[in-house]
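K.L.:
Take a look at this one; I'll ask things after.
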Amino acid sequence: MLLTVVVLLPLAVAVVLMALPRIPDRVASWAWVAASAVDLALVAWMWWRFDPGAGIAFDVKVRWIPTVDASYHVGVDGLSLPLIAMTTVLFLACAVWSLREQHRPRAHAALFLFLQTACLGTFAALDLILFFVFFDLTIVGMYFVIAGWGHGNRRRSALKFFLYTFVGSLALLVGFIGLFLGSDERTFDMVRLADNPPLQGAPVAGGLVLLAIGIGLGVKTPVFPFHTWLPDAHTDAPAAGSAILAGVLLKLGTYGFVRIAMPMLPEAWRDWAMVIVVVGVVSVVWGAFVALAQQDFKRMVAYTSVNHMGYILLGLGAAGLVGPADDDARTIATVGAVVQMVSHGLLTGALFLLSGVLWSRGGTYAFDRWGGLARPAPVFAACLAVAAFGSLGLPGLSAFIAEFQIFTGALQATPVATVIAVTGILVTAGLFLLALQRLLAGPTTAPASAANPGGLVDVNRREVIAIVPLLALSLVIGLLPRVLLDVVEPAAELVTDLVAR
Amino acid sequence: MNEMGGGGEEVVALLPELLLLAGAVLGLLVGLWTPQRRQVRVGVLAVLFCLASAVAAAVALTEPDETVFDGTWVIDTTTGVVRIAVAISTAVAVVLCSSAFAGHARETEVYVLMMLGSIGAIALAASGDLLMLVAGYLLASVPLYALVGFVKDARGVEATLKYYLMGAFVGVLMLVGVAALILAGGASGYEELASALPNASVALVAVGVLGVLAGVGFKAGAVPVHFWIPDVAAGTAPAVAAFITTVPKIGAVAAAFRLLAEPFADAPVDAPLLVAIIAAASMTLGNLAAFAQTELLRLLAYSTISQVGYLFMVVAVAARTDLAEPALVIYLTGYAITNLGAFAAVAALPGVSTIADWAAAARERRWLVVSLVVCLLGLVGTPPTAVFVGKLAVFIATADGAMAWLVVVAAVNTVASLFYYLRWVAPAAETTSSTGPVTTVMRVPLVTVHAAAVGSLLLGLGAGAWLTFTAG
């Protein structure tokens, strides 16, 4: 019941915001902050009560479509709870960030609240159809965010985003139907499908279903070669939309691999683990090098997401290489992948909000229009530096914990691929340092913007309140990783056991 | 069976149809003695009888299946659902027409023709005999010819002529098909045909299957007998178009479903494959043609053609899986609600025919836009709307019926359909740029759009309850 409240509370507030006439814009913005804060408090309470060793908690099951055994079945475990917590944190940050939204703030707040319900619902779902419902609604919500509040060529980017991810979601649906028809019990219930995996002993059918699900999740993640929608969507999306898109929506794809593909298709996952590793490594290297070539800060961050998602695929693929690796190594790789999801959400969310600072001050993200910002905007420079160093994997911040575990776990299973992926870290380090140098060092340059005649203004209090907690949480995970690992590890161990069946 | 008493009891089984007929006859009589500006009372009467018919059908649905009049009229889940969907859709269409034809010289006739057409649609779905099917075809066609050309303008007349000529031509094909099947199987009842056709001459059965499917395909608006739909939809009032693209389609798809499930199930020709090809062609061609449309009614017309493609998927696997019937039930009802909502959105802004005009006229009316988005995304099959559940059920049934390739085709088409639905949604959701005179909005269609959007969501969320009710 508590989980249902957490999932549906934002939607309820969104409906109220839309339904009541004449709500002042300021009230709508603050209502969003309040709703997100309450949601975060509830999730914190759930975290406090959660017992990592006990498996799925807070679960509720209500029959929905009995003819195909689809139900409203939600619950949390060590895989979904950290992501749910990260989602609520990031949405609260975006709510604070958007307090000064000028363009239709009420609809903006309602849309983001709707999006929050969709994201939380996807992580909480324990039924394939319910998962798909929320998964698809995130696409709809994000489409309207980009189309309505973006800039530049936003309509085209929004359409491209919608079409790409909608293709993916339909491939996913086809895969889900394959799982349903292949299961002995004819059910969409994730728990029962994981207990009794369908299509065991049918390598061709299992492989095809994994292909459909892999395409569906791979587009969303996105992995090479399905990533081309990402930079456009990010470039034209508003800052808060980008933060949610990169921080939360991409995780829906990677989370789907851990939650659906690995436990429900263990045989196919083992058969094709090497392909998944290769796709991951290609994404790592490709994302890093293309990011290096970007002349636009936001596009660069977008491409580093492809790189960071590649590490997750590497870890999850390595977890499927049962032959060459022992159970401990595979568990470490899986844990690393889950931690990377949380870490990337926090750090990339912060980076995109910081890029929003650039846009609000000068209306451009281009590297050659900005320079020497460390002197006039020291707080901005400090935040950017922390986020960039975190993102490149500096020890002490969360990404280090994640990537270190992924490499440790994967090294035994697939040494060559891991070594190639480590070079990705070098390239990312180079590109982030280069970006810091371009933006922060040297003589101060800024675009002369009519909207901001006073020139450069450092981040204001609202922006600090939105960004700094994200970085602080990353630091907490980096310094005290047990807080997160204690929750993730039992669940990750279970997944690696399930894959080995 | 030959006793008078038996006949009397059997007539009671047709209560939902009789109520519709009574509504039509009474409506005509009342209309004769009603002043022109008060003819809306005939509409009220029609709506009441439609709702009574729906209630009677719902009550009948809880009783066990039966066949009446020597097996020519089948009352089962499919018929029951079609009865409810047709009666409610007709009521909605009458409500829409009451605003479009208010004060028209022949307002009563619109309502009466609609009621008669709706009986034809039910007859198509309920017939368990080829001759009854032909009667249903005619009853579902003739009143609509008159409806299409009702306004007597150039486009309407052209549409009527096209519709009529094509209907007459396909009707002949259908009669040939019926004759061939009777010749091949020695009977016209579905049950007898089901046992006789497996051993019958392949050539005759092939001619028969083609002819009969052409007939129901025409009423459903499936490729390749779909050419009339865009002209008819664009040539009449949106309210009439809503009726013609909803009610007869429901009946025709149910008729095709029954044909595939019973007489054609073991026929020596591969009827499921033929239907699957029709389905794939309908959704693909409907979508491709819809891409370039700027006129709302033509866009929606092509959208209905592609929707029939999805519906025919479940027809193709009618005999192959138990999941087919629930899929048909949920998709038919979901489609009816959502399609009516989309056409009502056009009717809500009179005098508007293109996407750009609609978007300009709908600005500042965010609830209209929200409801339109729900309806159009519903037609795409976005959760949690009714058509999403329907599409899911149809996909599952089709894959279970060993036609996974058709599921892939349908999934690709669903993505393609997104293009043109978003072409309408995107400018409508954009409220900042446009300036211009504020057009009036029609209150009745506006309420209908909202009701359809809410209904689509409720049916999607309550799909389990609806399926349980219809199965019980």
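Here's how to read the names in the structure tokens: chain A, B, ... by the order shown, residue numbers from 1 in each chain, ligand numbers from 1 in the order shown.
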Go through chain B and flag each residue having an atom no more than 7 Å from chain A; for those, report the closest pair of atoms plus their distance in Å to one decimal, using only C-alpha atoms, ordered by chain and rising number, as CSV.

P.N.:
residue,atom,partner,partner_atom,distance
B:Thr382,CA,A:Asp136,CA,6.9
B:Pro383,CA,A:Val133,CA,5.1
B:Pro384,CA,A:Val133,CA,6.2
B:Ile396,CA,A:Ile177,CA,5.9
B:Asp400,CA,A:Leu181,CA,6.7
B:Ala411,CA,A:Leu170,CA,6.1
B:Val415,CA,A:Val167,CA,6.0
B:Glu430,CA,A:Gly148,CA,6.8
B:Ala463,CA,A:Ile65,CA,6.0
B:Gly464,CA,A:Ile65,CA,4.0

K.L.:
Restrict the selected residues to N, CA, C and O atoms and save them as a tab-separated table (two decimals), in the first residue's frame.

P.N.:
chain	number	residue	atom	x	y	z
B	382	THR	N	-1.49	3.25	-26.89
B	382	THR	CA	-0.65	3.60	-25.75
B	382	THR	C	-1.37	3.21	-24.46
B	382	THR	O	-2.56	3.48	-24.33
B	383	PRO	N	-0.69	2.56	-23.56
B	383	PRO	CA	-1.33	2.26	-22.30
B	383	PRO	C	-1.62	3.52	-21.52
B	383	PRO	O	-0.95	4.53	-21.74
B	384	PRO	N	-2.56	3.49	-20.62
B	384	PRO	CA	-3.42	2.37	-20.26
B	384	PRO	C	-4.80	2.44	-20.91
B	384	PRO	O	-5.79	2.11	-20.27
B	396	ILE	N	-1.31	-11.16	-28.52
B	396	ILE	CA	-1.10	-12.45	-27.85
B	396	ILE	C	-1.85	-13.55	-28.59
B	396	ILE	O	-1.29	-14.62	-28.87
B	400	ASP	N	-0.25	-16.69	-30.46
B	400	ASP	CA	-0.64	-18.01	-30.00
B	400	ASP	C	-1.22	-18.83	-31.16
B	400	ASP	O	-1.12	-20.05	-31.17
B	411	ALA	N	3.22	-4.66	-35.25
B	411	ALA	CA	4.04	-3.80	-34.39
B	411	ALA	C	4.70	-2.70	-35.20
B	411	ALA	O	4.71	-1.53	-34.81
B	415	VAL	N	4.03	1.54	-35.00
B	415	VAL	CA	5.01	2.63	-34.96
B	415	VAL	C	4.73	3.62	-36.08
B	415	VAL	O	4.73	4.84	-35.87
B	430	GLU	N	0.50	22.53	-28.93
B	430	GLU	CA	1.29	23.75	-28.95
B	430	GLU	C	0.34	24.95	-28.91
B	430	GLU	O	-0.35	25.22	-29.87
B	463	ALA	N	-10.41	-3.43	-17.78
B	463	ALA	CA	-10.56	-4.44	-18.82
B	463	ALA	C	-10.88	-5.81	-18.22
B	463	ALA	O	-11.68	-6.57	-18.77
B	464	GLY	N	-10.25	-6.09	-17.08
B	464	GLY	CA	-10.49	-7.38	-16.46
B	464	GLY	C	-11.96	-7.57	-16.10
B	464	GLY	O	-12.56	-8.61	-16.37

K.L.:
Which residues are near Asp327 of chain A? Cut-off 9 Å, only C-alpha atoms, ignore same chain within fewer than 4 positions. Put them as a VMD selection string.

P.N.:
chain A and resid 319 322 331 to 332 493 496 to 497 500

K.L.:
Hey, can you spit out that residue selection with N, CA and C atoms as a CSV table (one decimal), in the first residue's frame?

P.N.:
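What landed in again-v3.csv:
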chain,number,residue,atom,x,y,z
A,319,ALA,N,28.3,-11.1,-16.2
A,319,ALA,CA,27.5,-11.9,-15.2
A,319,ALA,C,26.9,-13.1,-15.8
A,322,VAL,N,29.1,-17.8,-17.4
A,322,VAL,CA,29.1,-18.7,-16.2
A,322,VAL,C,30.4,-19.6,-16.3
A,331,THR,N,28.8,-11.8,-9.3
A,331,THR,CA,28.0,-11.0,-8.4
A,331,THR,C,28.6,-9.6,-8.3
A,332,ILE,N,29.9,-9.5,-8.2
A,332,ILE,CA,30.5,-8.2,-8.1
A,332,ILE,C,30.2,-7.3,-9.4
A,493,GLU,N,23.2,-11.0,-5.9
A,493,GLU,CA,23.6,-12.3,-5.8
A,493,GLU,C,22.5,-13.3,-6.3
A,496,THR,N,22.5,-13.3,-10.1
A,496,THR,CA,23.5,-14.1,-10.7
A,496,THR,C,23.3,-15.6,-10.5
A,497,ASP,N,22.7,-15.9,-9.4
A,497,ASP,CA,22.3,-17.4,-9.2
A,497,ASP,C,21.2,-17.8,-10.2
A,500,ALA,N,22.6,-18.5,-13.6
A,500,ALA,CA,23.4,-19.7,-13.6
A,500,ALA,C,22.6,-20.9,-13.7

K.L.:
Would you kindly return, as a PyMOL selection string, each protein, DNA or RNA residue with an atom no farther than 7 Å from any atom of segment 228-242 of chain B, considering only C-alpha atoms and excluding same-chain residues fewer than 2 positions away?

P.N.:
chain B and resi 93+96-97+100+148+155-156+159+162-163+221+226+244-246+297-298+301-302+340+343-344+346-347

K.L.:
Which residues are near Gln437 of chain A? Cut-off 10 Å, only C-alpha atoms, ignore same chain within fewer than 3 positions. Put them as an MDAnalysis selection string.

P.N.:
chainID A and resid 371:374 431:434 440:442

K.L.:
Mind giving me the straight-line distance from atom CA of Pro24 of chain A to atom CA of Ala360 of chain B in Å, one decimal?

P.N.:
25.4 Å

K.L.:
Leaving out Lys251 of chain A and any residue of its chain fewer than 4 positions from it, which residues lie within 7 Å of it when counting only C-alpha atoms, given as JSON, numbers by chain?

P.N.:
{"A": [221, 255, 341]}

K.L.:
Using DSSP on the backbone, list every residue of segment 237-441 of chain A that comes out as alpha helix (DSSP H), and give them as a PyMOL selection string.

P.N.:
chain A and resi 239-244+250-256+262-264+266-271+273-292+297-319+327-362+378-391+398-413+415-440

K.L.:
May I ask for the distance between atom CA of Ala57 of chain B and atom CA of Thr79 of chain B, given in Å to one decimal place?

P.N.:
8.9 Å
